[in-house]
$ cat work.cif   # mmCIF, C-alpha atoms and all ligand atoms
data_target
#
loop_
_atom_site.label_atom_id
_atom_site.label_comp_id
_atom_site.auth_asym_id
_atom_site.auth_seq_id
_atom_site.Cartn_x
_atom_site.Cartn_y
_atom_site.Cartn_z
CA MET A 1 193.72 261.38 20.14
CA ALA A 2 196.23 262.21 22.85
CA ALA A 3 194.51 263.05 26.10
CA ALA A 4 196.94 265.76 27.16
CA THR A 5 195.43 267.64 30.05
CA ALA A 6 195.64 271.18 31.26
CA VAL A 7 194.55 272.16 34.73
CA LEU A 8 191.84 274.76 34.89
CA PRO A 9 193.03 277.46 37.27
CA ARG A 10 190.12 277.08 39.70
CA PHE A 11 190.27 273.29 39.72
CA ASN A 12 193.54 273.20 41.56
CA ASN A 13 193.10 269.79 43.12
CA ALA A 14 194.16 266.59 41.46
CA LEU A 15 190.58 265.77 40.58
CA PHE A 16 189.75 268.41 38.06
CA HIS A 17 191.54 268.56 34.74
CA VAL A 18 190.22 269.66 31.41
CA PRO A 19 191.59 268.06 28.28
CA VAL A 20 193.24 270.16 25.63
CA TRP A 21 191.57 268.06 22.95
CA ALA A 22 188.29 269.55 24.09
CA ALA A 23 189.11 272.51 21.90
CA HIS A 24 188.52 270.36 18.80
CA ALA A 25 185.11 269.06 19.71
CA ILE A 26 182.02 270.60 18.20
CA PRO A 27 178.77 270.62 20.14
CA ILE A 28 175.65 269.15 18.60
CA ARG A 29 172.98 271.77 18.31
CA SER A 30 169.50 270.49 18.94
CA THR A 31 166.86 271.69 16.53
CA HIS A 32 164.22 271.82 19.21
CA ARG A 33 164.09 271.49 22.95
CA ARG A 34 161.07 270.31 24.77
CA ARG A 35 160.47 269.17 28.28
CA PRO A 36 160.35 265.47 29.00
CA PRO A 37 156.92 264.32 30.07
CA ARG A 38 156.95 264.15 33.86
CA ARG A 39 156.72 260.50 34.82
CA HIS A 40 156.81 259.03 38.24
CA ALA A 41 157.53 255.50 39.26
CA SER A 42 153.82 254.97 39.77
CA GLN A 43 153.06 255.98 36.18
CA ASN A 44 155.55 253.76 34.51
CA GLY A 45 154.78 252.37 31.15
CA PRO A 46 156.93 252.07 28.09
CA ILE A 47 157.31 255.12 25.90
CA ASN A 48 158.22 254.51 22.35
CA ARG A 49 160.49 257.39 21.49
CA MET A 50 160.98 256.55 17.83
CA PRO A 51 161.09 259.99 16.22
CA ALA A 52 159.77 260.96 12.82
CA ARG A 53 162.09 259.31 10.32
CA LEU A 54 164.48 261.53 8.42
CA PRO A 55 165.90 259.13 5.83
CA GLY A 56 167.28 261.87 3.60
CA LEU A 57 169.30 263.43 6.42
CA LEU A 58 170.66 260.25 7.90
CA PRO A 59 173.79 259.85 5.74
CA LEU A 60 174.62 263.49 6.43
CA VAL A 61 174.24 263.02 10.19
CA VAL A 62 176.48 259.97 10.12
CA LEU A 63 179.06 261.74 7.97
CA VAL A 64 179.09 264.84 10.18
CA ALA A 65 179.34 262.72 13.30
CA SER A 66 182.28 260.74 12.03
CA VAL A 67 184.13 263.75 10.66
CA CYS A 68 183.53 266.16 13.49
CA CYS A 69 183.99 264.09 16.56
CA GLY A 70 186.40 261.35 15.85
CA THR A 71 184.24 258.83 17.68
CA SER A 72 183.00 255.65 16.13
CA VAL A 73 179.51 255.71 14.75
CA PRO A 74 177.50 252.65 15.66
CA ALA A 75 176.41 250.53 12.76
CA GLN A 76 172.76 250.81 11.81
CA GLN A 77 171.55 248.15 14.16
CA GLY A 78 167.84 248.64 14.58
CA GLY A 79 165.89 246.81 17.23
CA THR A 80 164.88 248.16 20.60
CA VAL A 81 166.57 249.02 23.87
CA ASN A 82 164.62 249.07 27.13
CA PHE A 83 166.07 251.84 29.27
CA TYR A 84 165.10 252.17 32.94
CA ASN A 85 166.39 255.46 34.28
CA TRP A 86 165.80 257.92 37.11
CA SER A 87 163.05 260.46 36.52
CA ASP A 88 164.25 263.82 35.17
CA TYR A 89 167.55 262.27 34.15
CA ILE A 90 167.55 262.54 30.36
CA ASP A 91 167.42 265.24 27.74
CA PRO A 92 164.73 263.77 25.45
CA THR A 93 166.54 265.01 22.35
CA VAL A 94 169.45 262.73 23.32
CA LEU A 95 167.25 259.66 22.90
CA GLU A 96 165.81 261.02 19.69
CA THR A 97 169.30 261.56 18.27
CA PHE A 98 170.28 258.06 19.37
CA THR A 99 167.37 256.53 17.49
CA ARG A 100 168.03 258.65 14.44
CA GLU A 101 171.69 257.66 14.34
CA THR A 102 171.35 253.97 15.15
CA GLY A 103 167.83 252.98 14.14
CA ILE A 104 167.39 251.59 17.67
CA LYS A 105 164.08 252.47 19.31
CA VAL A 106 164.14 253.36 23.00
CA ARG A 107 161.45 252.16 25.39
CA TYR A 108 161.93 254.43 28.33
CA ASP A 109 160.68 253.95 31.89
CA THR A 110 161.57 255.88 35.01
CA PHE A 111 161.90 255.35 38.75
CA ASP A 112 162.78 257.69 41.58
CA SER A 113 164.19 255.28 44.13
CA ASN A 114 167.05 252.81 44.16
CA ASP A 115 164.81 250.45 46.12
CA THR A 116 162.30 250.31 43.27
CA LEU A 117 165.06 249.48 40.81
CA GLU A 118 166.59 246.92 43.15
CA THR A 119 163.31 245.09 43.67
CA LYS A 120 163.00 244.63 39.91
CA LEU A 121 166.61 243.59 39.45
CA LEU A 122 166.54 241.04 42.24
CA ALA A 123 163.26 239.58 41.01
CA GLY A 124 164.90 239.11 37.59
CA LYS A 125 163.36 239.20 34.10
CA SER A 126 162.82 242.92 34.43
CA GLY A 127 162.93 243.19 30.65
CA TYR A 128 165.32 246.14 30.94
CA ASP A 129 168.53 246.37 28.95
CA VAL A 130 170.12 249.40 30.61
CA VAL A 131 169.56 250.49 34.22
CA VAL A 132 171.09 253.25 36.37
CA PRO A 133 171.87 252.18 39.96
CA THR A 134 173.68 254.47 42.39
CA GLY A 135 177.16 253.31 43.45
CA TYR A 136 176.33 251.69 46.77
CA PHE A 137 173.34 249.85 45.32
CA LEU A 138 175.41 248.82 42.33
CA GLU A 139 177.98 247.34 44.71
CA ARG A 140 175.61 244.96 46.39
CA GLN A 141 173.70 244.20 43.19
CA ILE A 142 176.99 243.14 41.58
CA LYS A 143 177.52 240.82 44.53
CA ALA A 144 174.00 239.46 44.03
CA GLY A 145 175.00 238.63 40.44
CA VAL A 146 172.33 240.67 38.67
CA PHE A 147 174.54 242.28 36.01
CA ARG A 148 176.35 241.16 32.89
CA PRO A 149 179.94 242.36 32.54
CA LEU A 150 180.29 245.16 30.01
CA ASP A 151 181.87 244.21 26.70
CA LYS A 152 184.38 247.04 26.58
CA THR A 153 185.22 246.35 22.93
CA LYS A 154 181.72 247.67 22.22
CA LEU A 155 182.28 250.80 24.25
CA PRO A 156 185.01 252.89 22.57
CA ASN A 157 183.68 256.01 24.28
CA LEU A 158 184.77 254.63 27.64
CA ALA A 159 187.99 256.40 26.65
CA ASN A 160 186.18 259.67 27.40
CA GLN A 161 185.53 258.76 31.03
CA TRP A 162 187.25 260.84 33.65
CA PRO A 163 189.91 258.68 35.29
CA GLU A 164 189.17 260.19 38.70
CA ILE A 165 185.50 259.27 38.48
CA THR A 166 186.31 255.83 37.08
CA LYS A 167 188.59 255.29 40.06
CA ARG A 168 185.89 256.31 42.52
CA LEU A 169 183.40 254.07 40.76
CA ALA A 170 185.84 251.18 41.13
CA THR A 171 185.29 251.29 44.89
CA TYR A 172 181.79 249.96 44.12
CA ASP A 173 182.62 248.01 40.97
CA PRO A 174 186.16 246.61 41.24
CA ASP A 175 188.01 246.90 37.91
CA ASN A 176 184.99 248.71 36.48
CA ARG A 177 183.66 245.47 35.04
CA TYR A 178 179.94 246.13 35.21
CA ALA A 179 179.23 249.83 34.99
CA ALA A 180 180.17 253.17 33.50
CA ASN A 181 179.35 256.42 35.22
CA TYR A 182 176.45 258.37 33.72
CA MET A 183 176.00 261.32 36.10
CA TRP A 184 177.06 262.27 39.59
CA GLY A 185 175.89 264.86 42.04
CA THR A 186 175.22 265.78 45.64
CA THR A 187 172.37 265.64 48.14
CA GLY A 188 171.81 269.10 49.55
CA ILE A 189 169.30 271.89 50.15
CA GLY A 190 167.05 273.50 47.56
CA TYR A 191 165.15 276.62 48.56
CA ASN A 192 162.95 279.42 47.36
CA VAL A 193 165.15 282.44 47.95
CA GLY A 194 162.34 284.91 48.66
CA LYS A 195 160.20 282.65 50.83
CA ALA A 196 163.13 281.26 52.79
CA ARG A 197 164.29 284.79 53.51
CA ALA A 198 160.81 285.78 54.62
CA ALA A 199 160.63 282.80 56.96
CA LEU A 200 164.16 282.77 58.32
CA GLY A 201 165.39 286.33 57.98
CA ASP A 202 168.56 287.22 56.19
CA VAL A 203 170.52 284.08 57.09
CA GLN A 204 172.84 282.13 54.85
CA ILE A 205 171.37 278.77 53.90
CA ASP A 206 174.66 276.97 54.15
CA SER A 207 174.22 274.63 57.09
CA TRP A 208 172.30 271.49 58.03
CA ASP A 209 171.25 273.59 61.06
CA ILE A 210 168.38 274.87 58.92
CA VAL A 211 167.12 271.31 58.49
CA PHE A 212 168.02 269.60 61.73
CA LYS A 213 167.26 272.32 64.29
CA PRO A 214 163.54 271.79 64.76
CA GLU A 215 162.88 275.48 65.44
CA ASN A 216 164.45 276.41 62.08
CA LEU A 217 162.56 273.91 59.96
CA ALA A 218 159.34 274.81 61.79
CA ARG A 219 159.66 278.34 60.38
CA LEU A 220 159.58 276.89 56.87
CA LYS A 221 156.73 274.50 57.53
CA ASP A 222 153.97 276.77 56.23
CA CYS A 223 155.63 277.54 52.92
CA GLY A 224 156.20 273.82 52.36
CA VAL A 225 159.05 271.42 53.10
CA HIS A 226 159.77 268.27 51.12
CA MET A 227 162.42 265.69 51.83
CA LEU A 228 163.71 262.85 49.66
CA ASP A 229 162.02 259.56 50.41
CA SER A 230 165.44 257.95 50.60
CA ALA A 231 166.87 256.62 53.84
CA ASP A 232 170.22 256.28 52.07
CA ASP A 233 170.37 260.03 51.53
CA ILE A 234 168.71 261.45 54.63
CA MET A 235 170.08 259.13 57.33
CA PRO A 236 173.73 259.76 56.37
CA ALA A 237 173.05 263.52 56.37
CA ALA A 238 171.63 263.28 59.90
CA LEU A 239 174.58 261.15 61.02
CA ARG A 240 177.04 263.62 59.59
CA TYR A 241 175.23 266.52 61.27
CA LEU A 242 175.56 264.69 64.59
CA GLY A 243 179.29 264.29 63.97
CA LEU A 244 178.90 260.55 63.41
CA ASP A 245 180.22 258.48 60.51
CA PRO A 246 177.68 258.51 57.65
CA ASN A 247 178.79 254.93 56.94
CA THR A 248 178.51 253.73 60.51
CA THR A 249 177.32 250.19 61.20
CA ASP A 250 176.62 250.94 64.86
CA ALA A 251 172.90 250.49 65.53
CA SER A 252 172.89 253.11 68.28
CA ASP A 253 174.14 255.73 65.80
CA TYR A 254 171.12 255.05 63.61
CA GLU A 255 168.83 255.35 66.64
CA LYS A 256 170.35 258.77 67.33
CA ALA A 257 169.87 259.88 63.72
CA ALA A 258 166.28 258.62 63.79
CA ALA A 259 165.57 260.51 67.02
CA LEU A 260 166.85 263.70 65.39
CA LEU A 261 164.67 263.12 62.34
CA GLN A 262 161.60 262.45 64.50
CA LYS A 263 161.99 265.91 65.97
CA ILE A 264 161.84 267.66 62.61
CA ARG A 265 159.24 265.27 61.18
CA PRO A 266 156.25 267.54 62.01
CA SER A 267 157.63 270.23 59.69
CA VAL A 268 157.97 267.95 56.65
CA ARG A 269 154.97 268.11 54.35
CA LYS A 270 156.02 265.21 52.16
CA PHE A 271 158.71 262.58 51.70
CA HIS A 272 159.00 262.21 47.95
CA SER A 273 161.94 261.91 45.59
CA SER A 274 160.78 263.53 42.36
CA GLU A 275 157.75 265.76 42.94
CA TYR A 276 159.83 268.58 44.39
CA LEU A 277 161.41 269.49 41.07
CA ASN A 278 158.11 270.82 39.84
CA VAL A 279 156.53 272.19 43.01
CA LEU A 280 159.67 274.03 44.05
CA ALA A 281 159.63 275.73 40.63
CA THR A 282 155.98 276.75 40.91
CA GLY A 283 156.38 278.08 44.45
CA GLU A 284 154.09 275.44 46.03
CA ILE A 285 156.92 274.45 48.34
CA CYS A 286 159.82 276.57 49.52
CA PHE A 287 162.36 274.06 50.81
CA VAL A 288 163.64 270.59 50.03
CA VAL A 289 166.42 268.22 50.92
CA GLY A 290 167.00 266.89 47.42
CA TRP A 291 169.42 266.10 44.63
CA SER A 292 171.58 268.82 43.10
CA GLY A 293 170.63 268.49 39.44
CA ASP A 294 166.92 268.16 40.13
CA ILE A 295 167.09 271.41 42.06
CA LYS A 296 169.09 272.99 39.23
CA GLN A 297 166.39 271.90 36.79
CA SER A 298 163.77 273.38 39.09
CA GLN A 299 165.72 276.63 39.10
CA LYS A 300 165.82 276.64 35.30
CA ARG A 301 162.14 275.82 35.06
CA ALA A 302 161.19 278.70 37.37
CA ALA A 303 163.42 281.10 35.42
CA GLU A 304 161.84 279.99 32.13
CA ALA A 305 158.35 280.41 33.58
CA LYS A 306 159.26 283.96 34.68
CA ASN A 307 157.07 283.40 37.73
CA GLY A 308 159.22 285.40 40.11
CA VAL A 309 160.43 282.25 41.87
CA GLU A 310 164.16 282.18 42.47
CA ILE A 311 165.65 278.86 43.53
CA GLY A 312 168.94 278.34 45.33
CA TYR A 313 170.94 275.16 45.88
CA SER A 314 173.34 274.74 48.74
CA ILE A 315 175.84 272.10 49.80
CA PRO A 316 175.82 272.45 53.59
CA LYS A 317 179.15 273.36 55.12
CA GLU A 318 179.10 270.33 57.45
CA GLY A 319 179.36 268.15 54.35
CA ALA A 320 177.05 266.34 51.96
CA GLN A 321 176.78 263.09 50.10
CA MET A 322 178.35 262.76 46.68
CA PHE A 323 176.70 260.00 44.66
CA PHE A 324 177.48 258.25 41.38
CA ASP A 325 174.71 256.93 39.13
CA ASN A 326 175.88 254.34 36.65
CA LEU A 327 174.90 252.58 33.45
CA ALA A 328 174.74 248.81 33.78
CA ILE A 329 173.21 245.88 31.88
CA PRO A 330 171.07 243.29 33.71
CA LYS A 331 172.31 239.73 33.26
CA ASP A 332 169.10 238.69 31.53
CA ALA A 333 168.81 241.78 29.32
CA PRO A 334 167.06 240.82 26.08
CA ASN A 335 168.93 243.29 23.84
CA VAL A 336 172.59 243.23 24.78
CA ALA A 337 173.99 244.71 21.55
CA GLN A 338 171.53 247.61 21.69
CA ALA A 339 172.32 248.12 25.39
CA HIS A 340 176.00 248.58 24.57
CA ALA A 341 175.11 250.92 21.70
CA LEU A 342 173.05 253.10 24.06
CA ILE A 343 175.70 253.19 26.77
CA ASP A 344 178.40 254.06 24.28
CA PHE A 345 176.22 256.80 22.83
CA LEU A 346 175.59 258.33 26.25
CA LEU A 347 179.36 258.42 26.83
CA LYS A 348 180.09 260.40 23.66
CA SER A 349 181.71 263.71 24.59
CA GLU A 350 179.11 265.90 22.98
CA ILE A 351 176.18 263.80 24.21
CA ALA A 352 177.37 263.63 27.81
CA ALA A 353 177.95 267.38 27.76
CA LYS A 354 174.50 267.95 26.30
CA SER A 355 173.03 265.85 29.11
CA THR A 356 174.91 267.83 31.73
CA ASN A 357 173.83 271.13 30.21
CA TYR A 358 170.23 269.99 30.35
CA LEU A 359 170.22 268.16 33.69
CA GLY A 360 172.52 270.22 35.87
CA TYR A 361 174.43 267.11 36.95
CA ALA A 362 178.13 266.54 36.28
CA ASN A 363 178.77 263.56 34.01
CA GLY A 364 181.37 260.80 34.15
CA ASN A 365 183.45 262.15 31.27
CA THR A 366 186.49 264.35 31.65
CA PRO A 367 185.00 267.86 31.74
CA ASN A 368 185.00 269.42 28.33
CA ALA A 369 185.16 273.20 28.56
CA GLN A 370 184.20 273.57 24.91
CA LEU A 371 180.99 271.62 25.30
CA ILE A 372 179.76 272.21 28.85
CA LYS A 373 178.21 275.60 29.47
CA SER A 374 180.64 277.74 31.44
CA GLU A 375 178.03 278.65 34.05
CA ILE A 376 177.70 274.92 34.80
CA LEU A 377 181.39 274.10 34.70
CA ASN A 378 182.14 277.06 36.96
CA ASP A 379 179.31 276.25 39.36
CA THR A 380 181.06 274.68 42.35
CA THR A 381 177.81 273.00 43.41
CA VAL A 382 177.91 271.02 40.15
CA TYR A 383 181.64 270.65 39.51
CA PRO A 384 182.95 271.07 43.07
CA ASP A 385 186.19 272.93 43.65
CA ALA A 386 188.80 271.54 46.03
CA SER A 387 187.30 273.07 49.17
CA THR A 388 183.76 271.88 48.38
CA MET A 389 185.13 268.47 47.45
CA SER A 390 186.86 268.14 50.78
CA ARG A 391 183.45 268.36 52.50
CA LEU A 392 181.75 265.67 50.41
CA TYR A 393 181.45 262.10 51.61
CA THR A 394 180.51 258.92 49.79
CA ILE A 395 178.40 256.01 50.95
CA SER A 396 179.30 252.37 50.69
CA ALA A 397 177.00 249.36 50.52
CA LYS A 398 175.58 248.45 53.91
CA ASP A 399 175.49 244.99 55.41
CA GLN A 400 172.02 243.50 55.47
CA LYS A 401 171.48 244.02 59.17
CA THR A 402 172.32 247.72 59.02
CA GLN A 403 170.25 248.24 55.88
CA ARG A 404 167.25 246.55 57.49
CA LEU A 405 167.59 248.66 60.63
CA MET A 406 167.87 251.83 58.60
CA ASN A 407 164.81 250.98 56.51
CA ARG A 408 162.80 250.08 59.60
CA LEU A 409 163.68 253.36 61.29
CA TRP A 410 162.95 255.23 58.09
CA THR A 411 159.43 253.82 57.88
CA ARG A 412 158.86 254.86 61.48
CA ILE A 413 160.09 258.39 60.77
CA LYS A 414 157.89 258.77 57.71
CA THR A 415 154.77 257.55 59.45
CA GLY A 416 155.63 259.79 62.41
CA ARG A 417 155.50 256.92 64.91
C1 LIG B 501 167.48 262.19 39.04
C2 LIG B 501 167.91 261.81 40.40
C3 LIG B 501 169.16 261.06 40.37
C4 LIG B 501 169.91 261.21 41.61
N1 LIG B 501 166.24 262.79 39.10
C5 LIG B 501 169.75 260.08 42.51
N2 LIG B 501 170.86 259.26 42.60
#

$ encode --input "work.cif" --output "structure tokens"
Amino acid sequence: MAAATAVLPRFNNALFHVPVWAAHAIPIRSTHRRRPPRRHASQNGPINRMPARLPGLLPLVVLVASVCCGTSVPAQQGGTVNFYNWSDYIDPTVLETFTRETGIKVRYDTFDSNDTLETKLLAGKSGYDVVVPTGYFLERQIKAGVFRPLDKTKLPNLANQWPEITKRLATYDPDNRYAANYMWGTTGIGYNVGKARAALGDVQIDSWDIVFKPENLARLKDCGVHMLDSADDIMPAALRYLGLDPNTTDASDYEKAAALLQKIRPSVRKFHSSEYLNVLATGEICFVVGWSGDIKQSQKRAAEAKNGVEIGYSIPKEGAQMFFDNLAIPKDAPNVAQAHALIDFLLKSEIAAKSTNYLGYANGNTPNAQLIKSEILNDTTVYPDASTMSRLYTISAKDQKTQRLMNRLWTRIKTGR
């Protein structure tokens, strides 16, 4: 179908266009919604997500899918796909629908750190068929030869990908040979509106000042501060705050960022990259430097619990990291056909939109105004407008020496030494 595009009035930069064909797409309605079991990297173990079989409905589902959406329906393949994804990064009904439509079972494991994924990929024989590295990790993992090129003939839904995002991804994966974007987001500030106001007074939480001025973060210490356990997210934020290049390779810049982080270290209760989603929602912590969609999910969870907790997410005005998380197939993946089937499924317009609606992250497809909830599409902290976009920076793969220095400093910061 012709991908004529119309510019949404608010998205007045070259990046944001919404396709006219979106008007023809019909969203899939899930019959039930339940929360994914919370799994941390430490609890990993395969989950067999084969749903109850619905043989009588299957032909109908296939027929509806092929009539309504104009996308190809994968053949009934069967088999298994081993999917290793970030925690809190899937709507479980998406995997159930995939299995129902394709007969392919999904064994699903999660991680909450690129380093964990990288260790497995570099060791080889991970047993995974689809993995989700962030752009700058993808870049060096491609160089290390750990992925198999995508067979694009098996991925018709690549046509749905947003050319602007594909282009950005190509800075990590030249010619987009190895990966397709799944979701993208930002690293910013999540906060409990009431508790933050009580601690800080009526100030706008729109600056890294709240994090990096020790006297500010100290005010939040008692209600609970978490920070991502990710040097690749926190170090660049500190560099940017100091007016330095978040991609610097100058060792003395990293020393300066580390010195800044040491000063706020006493106010951080925990460095952890997935626990905050839950404890921010319950009110056990009041502040986090975390990932946009996880904080959005926390917000939703608190609202659903009607526990009086209101969560805000802010992209600090000094600028924040924009990251791209991507679907790729390890070179030694045991189930290559099933891996392609899963990737293609995740790129379907209605499935990607469903994921975004559930996760609060923007996806790699051209935004579809008919399928993505308007409150998400109009949320400039999820789909940034031109002025927000101009403040976002991206990270590129570091040379080994810089990466080692950063990791060494990070360990020192975390242990408070
Ligand atoms: C999902 C976190 C993904 C963002 N929980 C990290 N790149």

$ atom_distance --input "work.cif" --atom1 "atom CA of Val288 of chain A" --atom2 "atom CA of Met406 of chain A"
21.1 Å

$ closest_residue --input "work.cif" --among "A:Arg404, A:Thr187, A:Gln161, A:Leu359" --to "Pro92 of chain A" --atoms "all atoms listed in the file"
A:Leu359

$ closest_atom_pairs --input "work.cif" --of "segment 178-278 of chain A" --to "segment 292-296 of chain A" --cutoff "12 Å" --atoms "only C-alpha atoms" --output "Markdown table"
| residue | atom | partner | partner_atom | distance |
| --- | --- | --- | --- | --- |
| A:Met183 | CA | A:Gly293 | CA | 9.6 |
| A:Trp184 | CA | A:Gly293 | CA | 8.9 |
| A:Gly185 | CA | A:Ser292 | CA | 5.9 |
| A:Thr186 | CA | A:Ser292 | CA | 5.4 |
| A:Thr187 | CA | A:Ser292 | CA | 6.0 |
| A:Gly188 | CA | A:Ser292 | CA | 6.5 |
| A:Ile189 | CA | A:Ser292 | CA | 8.0 |
| A:Gly190 | CA | A:Ile295 | CA | 5.9 |
| A:Tyr191 | CA | A:Ile295 | CA | 8.6 |
| A:Asn192 | CA | A:Ile295 | CA | 10.5 |
| A:Leu228 | CA | A:Asp294 | CA | 11.4 |
| A:Ser273 | CA | A:Asp294 | CA | 9.7 |
| A:Ser274 | CA | A:Asp294 | CA | 8.0 |
| A:Glu275 | CA | A:Asp294 | CA | 9.9 |
| A:Tyr276 | CA | A:Ile295 | CA | 8.1 |
| A:Leu277 | CA | A:Asp294 | CA | 5.7 |
| A:Asn278 | CA | A:Asp294 | CA | 9.2 |

$ residues_near_ligand --input "work.cif" --ligand "ligand LIG 501 (chain B)" --cutoff "6 Å" --atoms "only C-alpha atoms and all ligand atoms" --output "ChimeraX atom specification"
/A:86-89,134,291,294,325

$ atom_distance --input "work.cif" --atom1 "atom CA of Gly78 of chain A" --atom2 "atom CA of Thr102 of chain A"
6.4 Å

$ closest_residue --input "work.cif" --among "A:Leu121, A:Leu169, A:Ile234, A:Val81" --to "Asn407 of chain A" --atoms "all atoms listed in the file"
A:Ile234

$ closest_residue --input "work.cif" --among "A:Thr171, A:Asn368, A:Asn181, A:Thr380" --to "Ser396 of chain A" --atoms "only C-alpha atoms"
A:Thr171

$ closest_residue --input "work.cif" --among "A:Asp209, A:Asp344, A:Asp232, A:Asp222" --to "Asp151 of chain A" --atoms "all atoms listed in the file"
A:Asp344

$ atom_distance --input "work.cif" --atom1 "atom CA of Gly79 of chain A" --atom2 "atom CA of Ala337 of chain A"
9.4 Å

$ residues_near_point --input "work.cif" --point "(159.5, 266.5, 59.7)" --cutoff "9 Å" --atoms "only C-alpha atoms" --output "list in words"
Pro214, Leu217, Ala218, Lys221, Val225, His226, Met227, Leu261, Gln262, Lys263, Ile264, Arg265, Pro266, Ser267, Val268, Arg269, Lys270, Phe271, Ile413, Lys414 and Gly416 of chain A

$ write_last_selection --input "work.cif" --atoms "C-alpha atoms" --output "PDB file, keeping the file's coordinate frame"
ATOM      1  CA  PRO A 214     163.540 271.790  64.760  1.00  0.00           C
ATOM      2  CA  LEU A 217     162.560 273.910  59.960  1.00  0.00           C
ATOM      3  CA  ALA A 218     159.340 274.810  61.790  1.00  0.00           C
ATOM      4  CA  LYS A 221     156.730 274.500  57.530  1.00  0.00           C
ATOM      5  CA  VAL A 225     159.050 271.420  53.100  1.00  0.00           C
ATOM      6  CA  HIS A 226     159.770 268.270  51.120  1.00  0.00           C
ATOM      7  CA  MET A 227     162.420 265.690  51.830  1.00  0.00           C
ATOM      8  CA  LEU A 261     164.670 263.120  62.340  1.00  0.00           C
ATOM      9  CA  GLN A 262     161.600 262.450  64.500  1.00  0.00           C
ATOM     10  CA  LYS A 263     161.990 265.910  65.970  1.00  0.00           C
ATOM     11  CA  ILE A 264     161.840 267.660  62.610  1.00  0.00           C
ATOM     12  CA  ARG A 265     159.240 265.270  61.180  1.00  0.00           C
ATOM     13  CA  PRO A 266     156.250 267.540  62.010  1.00  0.00           C
ATOM     14  CA  SER A 267     157.630 270.230  59.690  1.00  0.00           C
ATOM     15  CA  VAL A 268     157.970 267.950  56.650  1.00  0.00           C
ATOM     16  CA  ARG A 269     154.970 268.110  54.350  1.00  0.00           C
ATOM     17  CA  LYS A 270     156.020 265.210  52.160  1.00  0.00           C
ATOM     18  CA  PHE A 271     158.710 262.580  51.700  1.00  0.00           C
ATOM     19  CA  ILE A 413     160.090 258.390  60.770  1.00  0.00           C
ATOM     20  CA  LYS A 414     157.890 258.770  57.710  1.00  0.00           C
ATOM     21  CA  GLY A 416     155.630 259.790  62.410  1.00  0.00           C
TER      22      GLY A 416
END

$ residues_around --input "work.cif" --residues "segment 307-309 of chain A" --least-positions-apart "5" --cutoff "8 Å" --atoms "only C-alpha atoms" --output "VMD selection string"
chain A and resid 192 to 194 281 to 283 302

$ build_atoms --input "work.cif" --residues "segment 172-183 of chain A" --atoms "N, CA and C atoms" --output "compact mmCIF listing (two decimals), in the frame of the given file"
# COMPACT_ATOMS: atom_id res chain seq x y z
N TYR A 172 183.06 250.71 44.11
CA TYR A 172 181.79 249.96 44.12
C TYR A 172 181.84 248.78 43.15
N ASP A 173 182.57 248.98 42.07
CA ASP A 173 182.62 248.01 40.97
C ASP A 173 184.09 247.74 40.65
N PRO A 174 184.73 246.83 41.42
CA PRO A 174 186.16 246.61 41.24
C PRO A 174 186.51 246.33 39.77
N ASP A 175 187.55 247.00 39.30
CA ASP A 175 188.01 246.90 37.91
C ASP A 175 187.01 247.44 36.89
N ASN A 176 185.99 248.11 37.38
CA ASN A 176 184.99 248.71 36.48
C ASN A 176 184.47 247.69 35.46
N ARG A 177 184.10 246.55 35.95
CA ARG A 177 183.66 245.47 35.04
C ARG A 177 182.21 245.63 34.59
N TYR A 178 181.37 246.20 35.47
CA TYR A 178 179.94 246.13 35.21
C TYR A 178 179.26 247.45 34.88
N ALA A 179 179.97 248.55 35.11
CA ALA A 179 179.23 249.83 34.99
C ALA A 179 180.14 250.95 34.51
N ALA A 180 179.49 251.93 33.90
CA ALA A 180 180.17 253.17 33.50
C ALA A 180 179.39 254.32 34.10
N ASN A 181 180.09 255.33 34.58
CA ASN A 181 179.35 256.42 35.22
C ASN A 181 178.56 257.23 34.19
N TYR A 182 177.31 257.52 34.55
CA TYR A 182 176.45 258.37 33.72
C TYR A 182 176.52 259.80 34.26
N MET A 183 176.01 260.00 35.48
CA MET A 183 176.00 261.32 36.10
C MET A 183 176.39 261.18 37.56
